[in-house]
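Please read the structure below before turning to the comments.
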Amino acid sequence: MVRTRFAPSPTGYLHIGGVRTALFNWLFTRRHGGQFILRIDDTDQQRHVEEALRPILDGLRWLGVEWDEGPDVGGPYAPYYQSQRLEFYQKAVQRLLEVGAAYRDYARPEEIQAEREAAQREKRPFVYSRRWMAETAEDARRFESQGRQAVVRLKMPREGTLVIDDLIRGRVEFDWSQEQDHVIQRADGTCLYHLASVVDDYEFRITHVIRAEEHLSNTPRQVFIAQALGYPLPQYAHLPFVAEPGSRVKLSKRKLDKYLKNKEFAERVEHGRRIAARLGLATELEVFNPVVVDFYRQVGYLPEAIVNYLALLGWSLDDKTEMFTREELIRHFSLEGVNKAPASFDPQKLWAFQDRYMRAVPMEKKIELVLPYLEKVGWVSAPASAAVRQKVAQILQAAGDRIKTAGDILDYGYFFTPDDRLEYEPGAIEKRLRAPGVADRLRRFAQQLAQVEPFEPAMLERMMHDFVMAEGIKLGDIIHAVRAAVTGTTVGLGMFDALAILGRESCLARIERALQYAV
RNA sequence: GGCCCCGUCGUCUAGCCCGGUCAGGACACAGGCCUUUCAAGCCUGUAACACGGGUUCAAAUCCCGUCGGGGUCGCCA
């Protein structure tokens with residue numbers, strides 16, 4: 001039975017690299033019909049864990065990465081919070097002490113630091129002298145009488161090598177002499193990550209530890225702990241990390257301003273912020289950040305698109321298949337298909353997937369996707385009426401693939417604004433209305449518009465063509481002015497669709513109102 | 001600095017293990033067509049085996065070295 005885990009710290013947000021790790025664990029597990037466990041690594045935190053955990057759990061669920069055991073769902077090995085598992089760790093520490101794989105150390109932090117610096121000065125690798133290691137009760141008493149407190153350190157081997165067969169990287173060799181006597185328990189009895197992680201992996205019966213590459217160097221000490229405790233070793237698989245756009249450096253939430261120099265990245269951020277600003281959300285990069293999954297949720301990306309993109313970040317099936325349903329991903333995923341080199345996060349490619357997925361969304365679902373956005377900005381009232389839904393459907397239909405994320409519906413505010421409150425973009429006025437002859441032409445056009453029957457796209461188009469012929473002008477000479485007058489913008493969906501959706505009355509009122517800007 | 005990992009178009013990648021197709025696909029980019037704007041669509045194009053040595057009739061692929069990038073060396077996780 002395959003059992004894997006994802007072990008986030010409650011940091012308050014779900015990092016894009018973290019989701020990728022979670023996703024690969026999940027895919028691997030589902031592929032093998034196993035169980036995926038969510039464990040919360042909160043040994044360091046005390047308060048606000050719930051609050052800091054929520055965005056992570058919500059984000060995973062939103063993407064459909066469901067866990068079989070863990071917070072909210074429980075499970076046979078509960079609790080799944082490390083902060084609640086201290087007794088397991090302490091028991092393990094006791095055992096390590098008994099078998100001689102760990103020792104009580106009475107060194108003061110500054111004494112260790114001094115040794116470390118001395119080693120550095122002499123350009124030799126740091127190896128702790130074990131001067132304050134208590135081997136007997138006698139030693140312990142002596143150190144304690146000096147007012148010292150004990151931590152527990154691993155008594156690592158100082159010679160020989162360790163070979164790990166990593167499922168992704170293959171055979172990796174480590175020299176024990178490079179390893180330090182890591183602290184596993186503090187003076188106050190609390191335990192540290194490596195110990196906790198190994199104990200839980202055992203207690204939870206984890207068979208495959210699939211995690212990011214930065215843990216590869218940590219593996220020897222974890223293997224040491226596991227072996228000393230007599231645990232069977234899990235299989236290890238170290239994933240390449242997700243790198244910055246156009247670089248090989250690990251993606252980081254804090255370096256966003258640097259990524260913004262990348263044009264494609266900046267475009268996507270700009271798009272997201274436009275929507276967030278309309279929603280009245282905070283748009284500072286600290287909270288609204290494309291390295292964080294919530295960014296995509298708020299902008300209205302589709303979870304399937306993100307999953308598909310993320311799956312291909314470091315994994316591939318073959319030389320051509322790019323579109324995968326969730327089921328296909330599960331069917332085909334394998335660790336052998338995972339690449340070794342880091343993969344740069346490319347928001348533009350994610351965007352391309354979003355585009356493809358959005359096209360495939362049926363109208364009914366698209367309406368559901370978009371309605372919450374319209375409600376949030378107050379353009380439509382909460383339980384949308386049939387008439388509103390009808391109108392939204394018309395807009396979506398006419399907009400077609402122009403609406404790439406659910407939040408893009410907010411570009412079409414002019415369909416919901418009262419005629420006398422329509423806002424005109426300065427550029428629209430400048431470019432399309434303030435041209436000689438526009439006013440008169442618009443007036444004559446309005447007269448025609450008043451009589452079109454039925455007021456539908458095809459008929460409107462015919463009328464427009466007749467108008468152009470009669471005036472002896474080109475289509476472009478009138479249509480841009482009409483667009484500006486009726487929508488207040490210079491871009492948007494097909495003019496005849498827009499007119500039809502707005503209806504005769506609105507169109508006439510808006511043209512009338514726009515005449516004040518025209519010459 | 002020690003140790004470990006990695007290195008194919010700008011980006012994601014296929015090919016590498018089992019040497020032999022103009023090194024294939026996708027995103028992005030450029031040009032063109034279409035066009036009422038935008039978006040899309042269609043066509044075309046630019047673009048990579050990090051470098052240097054071997055081995056071989058033949059090397060992205062095997063061997064050695066160099067360089068480059070990254071990770072890790074905590075009483076963080």
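We label chains A, B, ... in the order they appear in the structure tokens, count residues from 1 in each chain, and number ligands from 1 in the order shown.
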Exercise for the section: From segment 235-412 of chain A, collect each residue whose DSSP state is helix (DSSP H, G or I) and return the set as a ChimeraX atom specification. Expected result: /A:253-259,263-279,293-299,303-311,326-332,335-337,347-359,363-376,386-402,406-412
Exercise for the section: Please determine the contact residues of chain A with respect to chain B at a cut-off of 7 Å, counting only C-alpha atoms (C1' of nucleotides), and supply them as a ChimeraX atom specification. Expected result: /A:9,125,178,183,186,193,214,217,246,248-249,313,318-320,340-341,346,349,401-402,475-476,479-480,490-493
Practice task
Within 9 Å of C49 of chain B, counting only C-alpha atoms (C1' of nucleotides), which residues show up once you throw out same-chain ones fewer than 5 positions away? Write them as a PyMOL selection string, please.
Solution key: chain B and resi 8+23+60
Grab the residues selected above and save them as a PDB file, in the first residue's frame with C-alpha atoms (C1' of nucleotides).
ATOM      1  C1'   U B   8      18.911  20.407 -25.097  1.00  0.00           C
ATOM      2  C1'   A B  23      17.629  17.525 -32.876  1.00  0.00           C
ATOM      3  C1'   A B  60      23.025  15.459 -27.541  1.00  0.00           C
TER       4        A B  60
END
Practice task
Would you list the contacts of Gln397 of chain A as a ChimeraX atom specification, taking every protein, DNA or RNA residue within 12 Å and counting only C-alpha atoms (C1' of nucleotides), but skipping same-chain residues closer than 2 positions in sequence?
Solution key: /A:359,361-364,366-367,389-395,399-403,409,493-494,497-498,501
Exercise for the section: Rounded to one decimal place, report the atom CA of Tyr412 of chain A-atom CA of Pro457 of chain A distance in Å. Expected result: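 Distance reported for this atom pair: 18.1 Å.
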Problem - Secondary structure check, strand (DSSP E) residues of segment 229-385 of chain A, as a list in words - result: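 Taking segment 229-385 of chain A and keeping strand (DSSP E) only, one gets Gln235, Tyr236, Ala237, His238, Leu239, Val242, Ala243, Ala343 and Ser344 of chain A.
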Emit the selected residues as a PDB file, in the first residue's frame, including N, CA and C atoms.
ATOM      1  N   GLN A 235      10.976   4.977   0.649  1.00  0.00           N
ATOM      2  CA  GLN A 235      11.655   5.276  -0.613  1.00  0.00           C
ATOM      3  C   GLN A 235      11.716   6.789  -0.737  1.00  0.00           C
ATOM      4  N   TYR A 236      12.830   7.285  -1.190  1.00  0.00           N
ATOM      5  CA  TYR A 236      12.951   8.720  -1.339  1.00  0.00           C
ATOM      6  C   TYR A 236      12.859   9.131  -2.804  1.00  0.00           C
ATOM      7  N   ALA A 237      12.233  10.284  -3.020  1.00  0.00           N
ATOM      8  CA  ALA A 237      12.186  10.845  -4.375  1.00  0.00           C
ATOM      9  C   ALA A 237      12.308  12.354  -4.236  1.00  0.00           C
ATOM     10  N   HIS A 238      13.411  12.893  -4.703  1.00  0.00           N
ATOM     11  CA  HIS A 238      13.621  14.328  -4.547  1.00  0.00           C
ATOM     12  C   HIS A 238      13.347  15.068  -5.852  1.00  0.00           C
ATOM     13  N   LEU A 239      12.317  15.870  -5.779  1.00  0.00           N
ATOM     14  CA  LEU A 239      11.847  16.635  -6.929  1.00  0.00           C
ATOM     15  C   LEU A 239      12.749  17.841  -7.186  1.00  0.00           C
ATOM     16  N   VAL A 242      11.006  24.376  -8.159  1.00  0.00           N
ATOM     17  CA  VAL A 242      10.431  25.295  -9.132  1.00  0.00           C
ATOM     18  C   VAL A 242      11.247  26.576  -9.082  1.00  0.00           C
ATOM     19  N   ALA A 243      11.751  26.978 -10.240  1.00  0.00           N
ATOM     20  CA  ALA A 243      12.669  28.110 -10.288  1.00  0.00           C
ATOM     21  C   ALA A 243      11.989  29.385 -10.747  1.00  0.00           C
ATOM     22  N   ALA A 343      12.813  23.538 -12.951  1.00  0.00           N
ATOM     23  CA  ALA A 343      11.934  24.051 -14.001  1.00  0.00           C
ATOM     24  C   ALA A 343      11.470  25.459 -13.651  1.00  0.00           C
ATOM     25  N   SER A 344      11.643  26.380 -14.569  1.00  0.00           N
ATOM     26  CA  SER A 344      11.229  27.756 -14.321  1.00  0.00           C
ATOM     27  C   SER A 344       9.724  27.912 -14.424  1.00  0.00           C
TER      28      SER A 344
END
Problem - Non-local contacts of segment 458-462 of chain A (10 Å; only C-alpha atoms (C1' of nucleotides); under 4 positions in same chain excluded) as a PyMOL selection string - result: chain A and resi 448-449+452-454+466-468+495-497+499-500
Keeping only all heavy atoms, write the selected residues as a compact mmCIF listing (two decimals), in the first residue's frame.
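Writing the result to out-v7.txt gives the following:
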# COMPACT_ATOMS: atom_id res chain seq x y z
N GLN A 448 -31.09 56.38 -37.73
CA GLN A 448 -31.27 55.06 -38.34
C GLN A 448 -31.49 54.00 -37.28
O GLN A 448 -32.35 53.13 -37.40
CB GLN A 448 -30.04 54.70 -39.18
CG GLN A 448 -29.74 55.64 -40.31
CD GLN A 448 -30.87 55.63 -41.33
OE1 GLN A 448 -31.31 54.57 -41.77
NE2 GLN A 448 -31.37 56.81 -41.70
N LEU A 449 -30.66 54.13 -36.25
CA LEU A 449 -30.70 53.14 -35.16
C LEU A 449 -32.09 53.08 -34.53
O LEU A 449 -32.57 52.02 -34.14
CB LEU A 449 -29.66 53.54 -34.10
CG LEU A 449 -29.10 52.42 -33.20
CD1 LEU A 449 -28.46 51.33 -34.06
CD2 LEU A 449 -28.08 53.00 -32.24
N VAL A 452 -34.31 50.59 -36.57
CA VAL A 452 -33.95 49.21 -36.92
C VAL A 452 -34.94 48.23 -36.30
O VAL A 452 -35.27 48.34 -35.13
CB VAL A 452 -32.54 48.86 -36.43
CG1 VAL A 452 -32.21 47.41 -36.74
CG2 VAL A 452 -31.52 49.79 -37.06
N GLU A 453 -35.35 47.28 -37.08
CA GLU A 453 -36.29 46.28 -36.57
C GLU A 453 -36.06 44.97 -37.28
O GLU A 453 -36.06 44.94 -38.51
CB GLU A 453 -37.72 46.77 -36.83
CG GLU A 453 -38.76 46.10 -35.94
CD GLU A 453 -38.52 46.37 -34.47
OE1 GLU A 453 -38.40 47.54 -34.05
OE2 GLU A 453 -38.41 45.37 -33.73
N PRO A 454 -35.81 43.86 -36.59
CA PRO A 454 -35.60 43.80 -35.15
C PRO A 454 -34.21 44.32 -34.73
O PRO A 454 -33.31 44.37 -35.57
CB PRO A 454 -35.71 42.31 -34.86
CG PRO A 454 -35.25 41.65 -36.12
CD PRO A 454 -35.66 42.55 -37.25
N ASP A 466 -25.71 49.80 -44.95
CA ASP A 466 -26.51 50.75 -45.74
C ASP A 466 -26.09 52.17 -45.41
O ASP A 466 -25.94 53.03 -46.28
CB ASP A 466 -28.01 50.57 -45.43
CG ASP A 466 -28.51 49.22 -45.94
OD1 ASP A 466 -27.77 48.59 -46.74
OD2 ASP A 466 -29.61 48.80 -45.54
N PHE A 467 -25.89 52.39 -44.12
CA PHE A 467 -25.52 53.72 -43.65
C PHE A 467 -24.19 54.17 -44.26
O PHE A 467 -24.04 55.28 -44.76
CB PHE A 467 -25.42 53.71 -42.12
CG PHE A 467 -25.07 55.05 -41.52
CD1 PHE A 467 -26.03 56.04 -41.37
CD2 PHE A 467 -23.76 55.32 -41.12
CE1 PHE A 467 -25.70 57.28 -40.82
CE2 PHE A 467 -23.43 56.54 -40.57
CZ PHE A 467 -24.40 57.53 -40.42
N VAL A 468 -23.24 53.24 -44.25
CA VAL A 468 -21.91 53.53 -44.78
C VAL A 468 -22.00 53.86 -46.27
O VAL A 468 -21.36 54.80 -46.75
CB VAL A 468 -20.99 52.33 -44.52
CG1 VAL A 468 -19.76 52.37 -45.41
CG2 VAL A 468 -20.57 52.30 -43.05
N MET A 495 -19.14 44.92 -32.38
CA MET A 495 -19.98 46.09 -32.18
C MET A 495 -21.47 45.77 -32.25
O MET A 495 -22.26 46.27 -31.46
CB MET A 495 -19.62 47.14 -33.23
CG MET A 495 -20.16 48.51 -32.93
SD MET A 495 -19.43 49.24 -31.45
CE MET A 495 -20.61 48.96 -30.20
N PHE A 496 -21.85 44.92 -33.19
CA PHE A 496 -23.28 44.66 -33.37
C PHE A 496 -23.84 43.84 -32.21
O PHE A 496 -24.96 44.04 -31.79
CB PHE A 496 -23.51 43.98 -34.72
CG PHE A 496 -22.89 44.76 -35.84
CD1 PHE A 496 -21.79 44.28 -36.53
CD2 PHE A 496 -23.38 46.03 -36.15
CE1 PHE A 496 -21.21 45.02 -37.54
CE2 PHE A 496 -22.79 46.78 -37.16
CZ PHE A 496 -21.69 46.28 -37.85
N ASP A 497 -23.03 42.93 -31.71
CA ASP A 497 -23.44 42.18 -30.53
C ASP A 497 -23.63 43.13 -29.36
O ASP A 497 -24.61 43.04 -28.62
CB ASP A 497 -22.37 41.14 -30.16
CG ASP A 497 -22.34 39.99 -31.15
OD1 ASP A 497 -23.43 39.59 -31.60
OD2 ASP A 497 -21.24 39.52 -31.48
N LEU A 499 -24.29 46.32 -29.32
CA LEU A 499 -25.47 47.16 -29.48
C LEU A 499 -26.74 46.39 -29.13
O LEU A 499 -27.61 46.87 -28.41
CB LEU A 499 -25.56 47.67 -30.92
CG LEU A 499 -24.48 48.68 -31.36
CD1 LEU A 499 -24.62 48.96 -32.86
CD2 LEU A 499 -24.58 49.97 -30.57
N ALA A 500 -26.80 45.15 -29.64
CA ALA A 500 -27.99 44.35 -29.42
C ALA A 500 -28.19 44.04 -27.94
O ALA A 500 -29.31 44.07 -27.43
CB ALA A 500 -27.90 43.05 -30.23
Handout entry: Among the residues A:Gly64, A:Gly503, A:Pro426, A:Gly407, the one that comes closest to Ala276 of chain A [using only C-alpha atoms]
Key =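 Looking at the shortest contact to Ala276 of chain A, the residue is A:Gly407.
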Exercise for the section: Find the residues near segment 94-107 of chain A: any atom within 12 Å, counting only C-alpha atoms (C1' of nucleotides), skip ones fewer than 6 places away on the same chain, and give them as a PyMOL selection string. Expected result: (chain A and resi 87-88+113-115+128-137+139-157+180-187+189+191+195+199+221+224-230) or (chain B and resi 75)
Handout entry: Among the residues A:Asp419, A:Leu374, A:Ala428, A:Thr283, the one that comes closest to Glu512 of chain A [using only C-alpha atoms]
Key =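 Checking each candidate against Glu512 of chain A, we get A:Asp419 as the closest.
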Practice task
Excluding Val19 of chain A and residues on its chain fewer than 2 positions from it, collect all residues at most 12 Å away from it, counting only C-alpha atoms (C1' of nucleotides), and give them as an MDAnalysis selection string.
Solution key: chainID A and resid 6:8 13:17 21:27 56:66 211:212 241:242 291:294 303 306:307 309:311 313
Practice task
Name the closest residue to A30 of chain B among the candidates B:A58, B:C18, B:U46, B:G52; distances are taken between atoms, counting only C-alpha atoms (C1' of nucleotides).
Solution key: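 Checking each candidate against A30 of chain B, we get B:U46 as the closest.
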